[in-house]
file start38.cif (mmCIF, C-alpha atoms)
data_query
loop_
_atom_site.label_atom_id
_atom_site.label_comp_id
_atom_site.auth_asym_id
_atom_site.auth_seq_id
_atom_site.Cartn_x
_atom_site.Cartn_y
_atom_site.Cartn_z
CA MET A 936 102.27 61.93 108.12
CA LYS A 937 99.13 61.91 110.21
CA GLN A 938 96.49 64.50 109.46
CA SER A 939 92.98 64.83 110.86
CA GLN A 940 90.33 67.51 111.07
CA ASP A 941 89.26 68.60 114.56
CA ASP A 942 87.29 71.81 115.10
CA GLY A 943 88.75 73.25 111.90
CA VAL A 944 92.37 72.81 113.01
CA LEU A 945 94.64 70.47 111.06
CA LYS A 946 96.70 68.08 113.16
CA TYR A 947 100.10 66.90 111.99
CA SER A 948 102.69 64.59 113.56
CA PRO A 949 106.45 65.05 113.36
CA ASP A 950 108.86 62.36 112.24
CA GLU A 951 110.57 60.17 114.86
CA ASP A 952 113.27 62.80 115.48
CA GLY A 953 110.64 65.41 116.37
CA ILE A 954 111.06 67.43 113.16
CA PHE A 955 108.14 68.11 110.82
CA ARG A 956 108.94 67.56 107.14
CA ALA A 957 107.39 68.18 103.73
CA GLU A 958 103.62 68.85 103.75
CA ALA A 959 103.35 68.37 107.53
CA ALA A 960 105.96 71.14 108.01
CA ARG A 961 104.18 73.37 105.51
CA GLY A 962 100.88 72.86 107.36
CA VAL A 963 102.35 73.53 110.81
CA LEU A 964 104.17 76.67 109.65
CA SER A 965 100.99 77.93 107.98
CA TYR A 966 99.09 77.43 111.23
CA LEU A 967 101.81 79.13 113.31
CA LEU A 968 102.04 82.17 111.03
CA ARG A 969 98.33 82.50 110.24
CA ASP A 970 96.56 81.68 113.51
CA VAL A 971 98.91 82.33 116.42
CA ARG A 972 99.98 85.72 117.73
CA TYR A 973 103.25 85.42 119.57
CA ARG A 974 102.12 87.07 122.75
CA PRO A 975 101.78 84.69 125.68
CA ASP A 976 98.51 84.49 127.52
CA ASP A 977 98.34 85.94 131.05
CA PRO A 978 99.58 83.11 133.31
CA TYR A 979 97.21 84.28 136.06
CA TYR A 980 93.96 83.27 134.39
CA SER A 981 90.74 83.11 136.36
CA LEU A 982 89.33 80.11 138.19
CA ILE A 983 86.54 79.87 135.58
CA GLU A 984 89.13 79.65 132.80
CA ALA A 985 91.08 77.05 134.78
CA VAL A 986 87.95 74.90 135.04
CA GLU A 987 87.08 75.42 131.38
CA PHE A 988 90.57 74.79 129.96
CA GLY A 989 92.09 72.70 132.75
CA LEU A 990 95.67 73.30 133.72
CA PRO A 991 97.21 73.79 130.28
CA GLN A 992 99.71 71.20 129.14
CA LYS A 993 100.65 73.48 126.23
CA PRO A 994 101.20 77.25 126.13
CA ARG A 995 98.11 79.33 125.48
CA TYR A 996 98.39 82.17 122.99
CA GLN A 997 96.08 84.83 121.71
CA LEU A 998 94.73 83.93 118.29
CA ARG A 999 94.28 86.54 115.58
CA ASP A 1000 90.54 86.75 116.23
CA GLY A 1001 91.21 87.78 119.85
CA ASP A 1002 90.28 84.49 121.47
CA TYR A 1003 92.71 82.68 123.69
CA ALA A 1004 93.41 79.08 122.81
CA ILE A 1005 96.05 76.45 123.15
CA ASN A 1006 98.79 76.63 120.54
CA GLU A 1007 98.56 73.19 118.96
CA TYR A 1008 102.21 73.20 117.84
CA PRO A 1009 104.38 74.72 120.58
CA GLU A 1010 108.12 74.15 120.61
CA THR A 1011 108.22 72.65 117.11
CA LYS A 1012 110.71 72.58 114.25
CA GLY A 1013 110.37 71.67 110.60
CA TYR A 1014 111.37 72.23 107.00
CA PHE A 1015 110.09 71.78 103.47
CA PHE A 1016 111.16 72.54 99.91
CA ASP A 1017 109.39 75.54 98.39
CA ASP A 1018 108.96 75.05 94.65
CA LYS A 1019 108.29 78.75 94.00
CA SER A 1020 111.51 80.03 95.56
CA GLY A 1021 113.62 76.93 94.95
CA LYS A 1022 114.72 77.10 98.60
CA HIS A 1023 114.40 74.89 101.65
CA VAL A 1024 112.26 76.74 104.20
CA ALA A 1025 113.00 75.87 107.83
CA PHE A 1026 111.20 77.06 110.95
CA ASP A 1027 112.19 76.86 114.59
CA ASN A 1028 109.38 77.44 117.06
CA SER A 1029 111.24 75.79 119.96
CA SER A 1030 111.20 79.06 121.92
CA ASN A 1031 107.60 79.81 120.78
CA GLU A 1032 108.81 82.78 118.72
CA CYS A 1033 108.77 81.02 115.30
CA PHE A 1034 111.96 81.92 113.44
CA VAL A 1035 111.85 81.17 109.70
CA GLU A 1036 114.87 80.92 107.39
CA GLU A 1037 115.51 79.90 103.77
CA PHE A 1038 118.43 77.68 102.75
CA ASP A 1039 119.91 76.53 99.45
CA THR A 1040 120.31 72.92 100.57
CA GLU A 1041 118.39 70.47 102.73
CA SER A 1042 121.53 69.75 104.77
CA GLU A 1043 121.84 73.46 105.65
CA ALA A 1044 118.20 73.54 106.79
CA ILE A 1045 118.68 70.45 108.96
CA GLY A 1046 121.96 71.81 110.36
CA TRP A 1047 120.25 75.04 111.40
CA LEU A 1048 117.39 73.14 113.03
CA LYS A 1049 119.89 71.01 114.96
CA GLY A 1050 121.72 74.13 116.18
CA GLU A 1051 124.92 73.42 114.28
CA PHE A 1052 125.11 77.09 113.19
CA GLU A 1053 123.20 80.34 113.55
CA THR A 1054 122.04 82.76 110.90
CA GLU A 1055 122.52 86.50 111.10
#

call {"tool": "encode", "arguments": {"input": "start38.cif", "output": "structure tokens"}}
result
Amino acid sequence: MKQSQDDGVLKYSPDEDGIFRAEAARGVLSYLLRDVRYRPDDPYYSLIEAVEFGLPQKPRYQLRDGDYAINEYPETKGYFFDDKSGKHVAFDNSSNECFVEEFDTESEAIGWLKGEFETE
């Protein structure tokens, strides 16, 4: 797990299969639920914004404080075990809508992330 501090935002890296696990998953989900509003930025931003931000490589979203910024973890997936609930918490942000589900087993969480079944 790689973690660094940059402008107050924690940076995590997924495992080789692209899935965040354990504390990295917990950190990414916290960021997605706390800091990102799931309303895409206007794709027709001004020339000044284009110069300031460059042509975004990642989707830009409105943050809770009203600023627009790049979502550091777009199109991500992950899971972790939650000691308080005794469940495996999995999140799927691959469509940038951040769906979160709880599962009794790790294999169920991984199966959901891999699209082997859907929840209701």

call {"tool": "closest_residue", "arguments": {"input": "start38.cif", "among": "A:Gly1013, A:Gly1021, A:Pro949, A:Gly962", "to": "Ala1044 (chain A)", "atoms": "all atoms listed in the file"}}
result
A:Gly1013

call {"tool": "atom_distance", "arguments": {"input": "start38.cif", "atom1": "CA of Ser965 (chain A)", "atom2": "CA of Phe1038 (chain A)"}}
result
18.2 Å

call {"tool": "residues_around", "arguments": {"input": "start38.cif", "residues": "Asp952 (chain A)", "least_positions_apart": "3", "cutoff": "12 Å", "atoms": "all atoms listed in the file", "output": "short mmCIF file (atom, residue, chain, number, x, y, z; two decimals) with C-alpha atoms, keeping the file's coordinate frame"}}
result
data_model
loop_
_atom_site.label_atom_id
_atom_site.label_comp_id
_atom_site.auth_asym_id
_atom_site.auth_seq_id
_atom_site.Cartn_x
_atom_site.Cartn_y
_atom_site.Cartn_z
CA SER A 948 102.69 64.59 113.56
CA PRO A 949 106.45 65.05 113.36
CA PHE A 955 108.14 68.11 110.82
CA ARG A 956 108.94 67.56 107.14
CA THR A 1011 108.22 72.65 117.11
CA LYS A 1012 110.71 72.58 114.25
CA GLY A 1013 110.37 71.67 110.60
CA ILE A 1045 118.68 70.45 108.96
CA LEU A 1048 117.39 73.14 113.03
CA LYS A 1049 119.89 71.01 114.96
#

call {"tool": "closest_residue", "arguments": {"input": "start38.cif", "among": "A:Ala957, A:Ser1020, A:Lys946, A:Ala1025", "to": "Glu1043 (chain A)", "atoms": "all atoms listed in the file"}}
result
A:Ala1025

call {"tool": "closest_residue", "arguments": {"input": "start38.cif", "among": "A:Ile954, A:Ala960, A:Leu967, A:Cys1033", "to": "Phe1015 (chain A)", "atoms": "only C-alpha atoms"}}
result
A:Ala960

call {"tool": "resolve_selection", "arguments": {"input": "start38.cif", "expression": "the PyMOL selection byres ((chain A and resi 966) around 10)", "output": "ChimeraX atom specification"}}
result
/A:944-946,960-965,967-971,1006-1008

call {"tool": "atom_distance", "arguments": {"input": "start38.cif", "atom1": "CA of Asp1018 (chain A)", "atom2": "CA of Thr1054 (chain A)"}}
result
22.2 Å
